[in-house]
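First the structure, in the form of structure tokens, and then the observations on it.
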Amino acid sequence: METFHKGMELINPKDNMSKYFVNESDNVIVNAFEKKTAVHAGLMDKFAPAEKTQSILQEVLKQERNNKTAAYIHVPFCETHCLYCGFYNQPYRKEQSRIFTDTLIKEIMLWKDTKALNSKPVNALYFGGGTPTALEVEDIKRILKTVHEVLPLANDCEITMEGRISNMTKEKVEAYLEGGVNRFSLGVQSFNTDLRRSMGRRSDRDTIIERINMMKSYNQSAIVLDLIYGFPNQTMDIWVDDIKTAQSLELDGFDCYQLNVLPNTPLGKRIADGSINPALDVKTKTEFFLKSIELMEEALYRRLSVNHWQRTTRERNIYNQFARGYASCLSFGAGAGGNINGYSYMILRDYKGYIEAVNHGIKPIMGISIPDKDYALYKEIAESFENGWLDLKRLENKYNYPLISMTKDILDQWEKAGVIMQQSGKIILTKAGQFWFVNLSQLLQEFIKLTMMFNEKDVCMTVTAG
């Protein structure tokens, strides 16, 4: 979120409305914006002073959670560094599995008797990373046993194990299922062996299909996977084959994501120095996006969000919905991020520092943010745009703000440009709007925030003058 002040003067957003408008074009899905403005839409947090981090955290832990809740466990190890990944932290070494697990369990136990942890059920638990499936079987069993003993998991809690196909041996799959895992999320990205290996992925097409069929044979969990479009040298034929291959496996659902090339990743650096071809341009990515919708609708998949498709009711996608919206997230593990009642925090990424702090009985928080008074409103906007719509009338009634009149000029221009349709206080994203939903969500949140800040300034000035 950009700075809202010009010197000491707060800028009225209505003085620069064009900033919030979409480029009008005969081909708006390509030309609506020059580029994607963020990976995930949201406003910047105001972080508390570093010296107050732990004291604020302790006060937050005394509160009951006031919203729906997920839990997240971050395993910071990877056996290889995929070129496009910005989350790589630690190379995996077998001896680290026990050390990390011992530490993680200690960290979970630090919150065992807190009101924030125990006050309400946890509806979704997600093991991410990194690569959580890299851990040794006995260690993942210990972690699963601990979370069942300590976290107040709901009776229907969605427990997701994210991982790589190369780790999915029968021994590990059976350990996950025995520990209550009821959803697997597999980072396939593409079935094309050459494309996968060009991005640092090891398993070939036949191995992927063989492992998925083995996992399906247990019939005890939802199985979903990620597909990504936008890679260098990816063709439409490869993309169509990826989607049709995933459909032929009769999985419970899968994602069709757009590649985000981050400059600090190996892929970003290699594209910059010319050693690898550029990622696909916006026009080509829009064609891949539209083709995915066509093929998924043709196969009668149901859409749970802009990018996520469901084939069976076994797939619920709870964690991902919570992570984007107004929900608390109890997080553990080096590099994990979470929040409690809007107080967002990030756990230390430095692995050695993380181990040392936990062994001294300290939750190793890098920082904690103070929630904006309208935090819940902005998170609901973000969650709704992820789903392809926004019920502005409902939010207006819930939060008692004139949101419809406040945003009328912007929404009318968006509708004219062809990225939304308006229906009685509801916003429905067109396919062009779905492709650019992150930009639209970001702009709307920023405009509402700025407008309310400006209006509050005017009220304060009027009261002072009176």
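Ligands are numbered from 1 in the order shown, residues from 1 within each chain, and chains are lettered A, B, ... in the order they appear in the structure tokens.
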Practice problem: Write out as a list of chain:residue names the residues lying within 12 Å of Arg303 of chain A, counting only C-alpha atoms and excluding same-chain residues fewer than 3 positions away. | Solution: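 Residues meeting the cut-off are A:Gly253, A:Phe254, A:Asp255, A:Cys256, A:Ser292, A:Ile293, A:Met296, A:Glu297, A:Ala299, A:Leu300, A:Val306, A:Asn307, A:His308, A:Trp309, A:Gln310, A:Arg311, A:Thr312, A:Thr313, A:Glu315, A:Arg316, A:Asn317, A:Glu386, A:Asn387, A:Gly388.
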Which residues are close to Arg98 of chain A, i.e. within 9 Å by only C-alpha atoms, leaving aside same-chain residues fewer than 5 positions away? Reply as a PDB file with C-alpha atoms, in the first residue's frame.
ATOM      1  CA  THR A 103      11.771 -28.049  18.386  1.00  0.00           C
ATOM      2  CA  LEU A 135      10.381 -35.307   7.140  1.00  0.00           C
ATOM      3  CA  GLU A 136      11.040 -38.869   8.273  1.00  0.00           C
ATOM      4  CA  GLU A 138       8.511 -41.329  12.739  1.00  0.00           C
ATOM      5  CA  ASP A 139       8.854 -37.578  13.055  1.00  0.00           C
TER       6      ASP A 139
END
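Atom CA of Asp156 of chain A sits 27.3 Å away from atom CA of Ala334 of chain A.
Residues within 9 Å of Gly180 of chain A, counting only C-alpha atoms and excluding same-chain residues fewer than 6 positions away, are Leu144, His148 and Ile159 of chain A.
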Practice problem: Just list the residues in segment 168-365 of chain A DSSP gives alpha helix (DSSP H) on the backbone, as a ChimeraX atom specification. | Solution: /A:170-178,193-198,205-216,236-248,266-273,282-298,318-324,351-359
Selection from above, C-alpha atoms, as an mmCIF file, in the first residue's frame, can you write it?
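selection-v6.cif was written with the following content:
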data_model
loop_
_atom_site.group_PDB
_atom_site.id
_atom_site.type_symbol
_atom_site.label_atom_id
_atom_site.label_comp_id
_atom_site.auth_asym_id
_atom_site.auth_seq_id
_atom_site.Cartn_x
_atom_site.Cartn_y
_atom_site.Cartn_z
ATOM 1 C CA LYS A 170 3.368 -46.110 0.742
ATOM 2 C CA GLU A 171 4.976 -45.978 4.171
ATOM 3 C CA LYS A 172 4.610 -42.213 4.363
ATOM 4 C CA VAL A 173 1.083 -42.096 2.933
ATOM 5 C CA GLU A 174 -0.057 -44.692 5.476
ATOM 6 C CA ALA A 175 1.543 -42.704 8.307
ATOM 7 C CA TYR A 176 -0.245 -39.535 7.185
ATOM 8 C CA LEU A 177 -3.599 -41.297 6.970
ATOM 9 C CA GLU A 178 -3.077 -42.964 10.344
ATOM 10 C CA THR A 193 8.781 -34.101 -17.905
ATOM 11 C CA ASP A 194 10.980 -31.705 -19.891
ATOM 12 C CA LEU A 195 9.196 -28.622 -18.580
ATOM 13 C CA ARG A 196 9.311 -29.917 -15.017
ATOM 14 C CA ARG A 197 13.016 -30.609 -15.131
ATOM 15 C CA SER A 198 13.743 -27.213 -16.657
ATOM 16 C CA ARG A 205 5.227 -37.927 -15.874
ATOM 17 C CA ASP A 206 4.886 -41.694 -15.373
ATOM 18 C CA THR A 207 6.075 -41.500 -11.750
ATOM 19 C CA ILE A 208 3.576 -38.750 -10.949
ATOM 20 C CA ILE A 209 0.650 -40.720 -12.347
ATOM 21 C CA GLU A 210 1.788 -43.945 -10.655
ATOM 22 C CA ARG A 211 2.100 -42.273 -7.230
ATOM 23 C CA ILE A 212 -1.257 -40.508 -7.525
ATOM 24 C CA ASN A 213 -2.999 -43.753 -8.393
ATOM 25 C CA MET A 214 -1.323 -45.405 -5.391
ATOM 26 C CA MET A 215 -2.585 -42.645 -3.098
ATOM 27 C CA LYS A 216 -6.082 -42.862 -4.565
ATOM 28 C CA MET A 236 -0.711 -24.280 -25.234
ATOM 29 C CA ASP A 237 -0.447 -27.967 -26.190
ATOM 30 C CA ILE A 238 1.453 -28.668 -22.958
ATOM 31 C CA TRP A 239 -1.122 -26.713 -20.927
ATOM 32 C CA VAL A 240 -4.088 -28.500 -22.466
ATOM 33 C CA ASP A 241 -2.419 -31.865 -21.921
ATOM 34 C CA ASP A 242 -1.721 -30.980 -18.264
ATOM 35 C CA ILE A 243 -5.362 -30.139 -17.615
ATOM 36 C CA LYS A 244 -6.711 -33.168 -19.451
ATOM 37 C CA THR A 245 -4.230 -35.450 -17.692
ATOM 38 C CA ALA A 246 -5.306 -34.125 -14.295
ATOM 39 C CA GLN A 247 -8.947 -34.578 -15.253
ATOM 40 C CA SER A 248 -8.307 -38.167 -16.383
ATOM 41 C CA PRO A 266 16.615 -18.452 -9.411
ATOM 42 C CA LEU A 267 14.104 -18.176 -12.271
ATOM 43 C CA GLY A 268 13.859 -14.406 -11.924
ATOM 44 C CA LYS A 269 17.634 -14.067 -11.887
ATOM 45 C CA ARG A 270 18.129 -16.345 -14.903
ATOM 46 C CA ILE A 271 15.506 -14.532 -16.929
ATOM 47 C CA ALA A 272 17.169 -11.231 -15.996
ATOM 48 C CA ASP A 273 20.637 -12.386 -17.107
ATOM 49 C CA VAL A 282 0.299 -11.253 -20.423
ATOM 50 C CA LYS A 283 -1.515 -11.850 -23.703
ATOM 51 C CA THR A 284 -0.424 -15.490 -23.836
ATOM 52 C CA LYS A 285 -1.266 -16.028 -20.151
ATOM 53 C CA THR A 286 -4.791 -14.716 -20.725
ATOM 54 C CA GLU A 287 -5.204 -17.315 -23.468
ATOM 55 C CA PHE A 288 -4.059 -20.072 -21.082
ATOM 56 C CA PHE A 289 -6.399 -18.749 -18.387
ATOM 57 C CA LEU A 290 -9.423 -18.742 -20.700
ATOM 58 C CA LYS A 291 -8.552 -22.212 -21.994
ATOM 59 C CA SER A 292 -8.468 -23.564 -18.424
ATOM 60 C CA ILE A 293 -11.970 -22.201 -17.763
ATOM 61 C CA GLU A 294 -13.235 -23.678 -21.022
ATOM 62 C CA LEU A 295 -11.823 -27.134 -20.305
ATOM 63 C CA MET A 296 -12.916 -27.203 -16.661
ATOM 64 C CA GLU A 297 -16.459 -26.089 -17.408
ATOM 65 C CA GLU A 298 -16.650 -28.572 -20.272
ATOM 66 C CA ILE A 318 -11.131 -24.603 3.646
ATOM 67 C CA TYR A 319 -7.605 -23.565 4.571
ATOM 68 C CA ASN A 320 -7.011 -21.588 1.397
ATOM 69 C CA GLN A 321 -10.304 -19.741 1.820
ATOM 70 C CA PHE A 322 -9.464 -18.900 5.428
ATOM 71 C CA ALA A 323 -5.912 -17.802 4.572
ATOM 72 C CA ARG A 324 -7.205 -15.144 2.163
ATOM 73 C CA TYR A 351 16.607 -21.653 11.215
ATOM 74 C CA LYS A 352 19.371 -21.598 13.822
ATOM 75 C CA GLY A 353 17.817 -18.593 15.531
ATOM 76 C CA TYR A 354 14.442 -20.330 15.534
ATOM 77 C CA ILE A 355 15.878 -23.457 17.185
ATOM 78 C CA GLU A 356 17.750 -21.442 19.803
ATOM 79 C CA ALA A 357 14.754 -19.262 20.741
ATOM 80 C CA VAL A 358 12.310 -22.151 21.138
ATOM 81 C CA ASN A 359 14.813 -24.085 23.245
#
Quick one: contact table of segment 171-289 of chain A to segment 75-88 of chain A, 7 Å max, nearest atom pair and distance in Å to one decimal per residue, counting only C-alpha atoms, chain and number order, as JSON lines?
{"residue": "A:Met199", "atom": "CA", "partner": "A:Leu83", "partner_atom": "CA", "distance": 5.2}
{"residue": "A:Gly200", "atom": "CA", "partner": "A:Cys82", "partner_atom": "CA", "distance": 4.6}
{"residue": "A:Arg201", "atom": "CA", "partner": "A:Cys82", "partner_atom": "CA", "distance": 6.3}
{"residue": "A:Val261", "atom": "CA", "partner": "A:Tyr84", "partner_atom": "CA", "distance": 6.5}
{"residue": "A:Leu262", "atom": "CA", "partner": "A:Gly86", "partner_atom": "CA", "distance": 6.9}
{"residue": "A:Thr265", "atom": "CA", "partner": "A:Gly86", "partner_atom": "CA", "distance": 5.5}
{"residue": "A:Pro266", "atom": "CA", "partner": "A:Leu83", "partner_atom": "CA", "distance": 4.9}
{"residue": "A:Leu267", "atom": "CA", "partner": "A:Leu83", "partner_atom": "CA", "distance": 4.8}
Exercise. Skip segment 415-431 of chain A itself and residues of its chain fewer than 5 positions away, then list as a PyMOL selection string all residues within 7 Å of it, counting only C-alpha atoms.
Key: chain A and resi 22+24+28+388-393+404
Let's have the selection written as an mmCIF file, in the first residue's frame, with C-alpha atoms.
data_model
loop_
_atom_site.group_PDB
_atom_site.id
_atom_site.type_symbol
_atom_site.label_atom_id
_atom_site.label_comp_id
_atom_site.auth_asym_id
_atom_site.auth_seq_id
_atom_site.Cartn_x
_atom_site.Cartn_y
_atom_site.Cartn_z
ATOM 1 C CA VAL A 22 -9.169 0.164 -15.488
ATOM 2 C CA GLU A 24 -10.594 0.697 -21.388
ATOM 3 C CA VAL A 28 -9.694 -5.562 -21.764
ATOM 4 C CA GLY A 388 -15.019 -13.964 -8.094
ATOM 5 C CA TRP A 389 -17.652 -11.719 -6.536
ATOM 6 C CA LEU A 390 -18.274 -9.131 -3.827
ATOM 7 C CA ASP A 391 -21.535 -8.555 -1.939
ATOM 8 C CA LEU A 392 -20.980 -4.880 -1.220
ATOM 9 C CA LYS A 393 -24.504 -4.403 0.127
ATOM 10 C CA ILE A 404 -21.884 1.570 -2.426
#
Exercise. Extract the full set of strand (DSSP E) residues from segment 10-191 of chain A according to DSSP on the backbone, and format it as a PyMOL selection string.
Key: chain A and resi 10+46-47+69-75+77-78+90-91+122-129+153-163+183-189
Using 8 Å as the limit and counting only C-alpha atoms, can you tabulate each residue of segment 290-353 of chain A that touches segment 61-74 of chain A, with its shortest atom-to-atom distance in Å and the two atoms involved, as a Markdown table?
| residue | atom | partner | partner_atom | distance |
| --- | --- | --- | --- | --- |
| A:Tyr319 | CA | A:Ala70 | CA | 6.3 |
| A:Phe322 | CA | A:Ala70 | CA | 6.8 |
| A:Ala323 | CA | A:Ala70 | CA | 7.8 |
| A:Tyr326 | CA | A:Asn67 | CA | 7.3 |
| A:Ala327 | CA | A:Lys68 | CA | 5.0 |
| A:Ser328 | CA | A:Thr69 | CA | 4.7 |
| A:Cys329 | CA | A:Ala70 | CA | 4.8 |
| A:Leu330 | CA | A:Ala71 | CA | 4.5 |
| A:Ser331 | CA | A:Tyr72 | CA | 4.6 |
| A:Phe332 | CA | A:Ile73 | CA | 4.9 |
| A:Gly333 | CA | A:His74 | CA | 4.7 |
| A:Ala334 | CA | A:His74 | CA | 6.5 |
| A:Gly335 | CA | A:His74 | CA | 6.7 |
| A:Ala336 | CA | A:His74 | CA | 5.4 |
| A:Gly338 | CA | A:Tyr72 | CA | 7.6 |
| A:Ile340 | CA | A:Arg65 | CA | 6.7 |
| A:Asn341 | CA | A:Arg65 | CA | 6.0 |
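Using only C-alpha atoms for every distance, the candidate list A:Val224, A:Met17, A:Phe437, A:Lys145 yields A:Val224 as the residue closest to Glu250 of chain A.
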Write out as a PDB file with C-alpha atoms, in the first residue's frame the residues lying within 9 Å of Lys112 of chain A, counting only C-alpha atoms and excluding same-chain residues fewer than 4 positions away.
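Heads up, here's the output in around_15.pdb:
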ATOM      1  CA  ILE A 108       3.441 -25.930  19.934  1.00  0.00           C
ATOM      2  CA  LEU A 117      -5.353 -21.473  21.319  1.00  0.00           C
ATOM      3  CA  ASN A 118      -8.096 -23.205  23.298  1.00  0.00           C
ATOM      4  CA  VAL A 150      -2.859 -29.928  21.819  1.00  0.00           C
ATOM      5  CA  LEU A 151      -4.861 -28.150  19.119  1.00  0.00           C
TER       6      LEU A 151
END
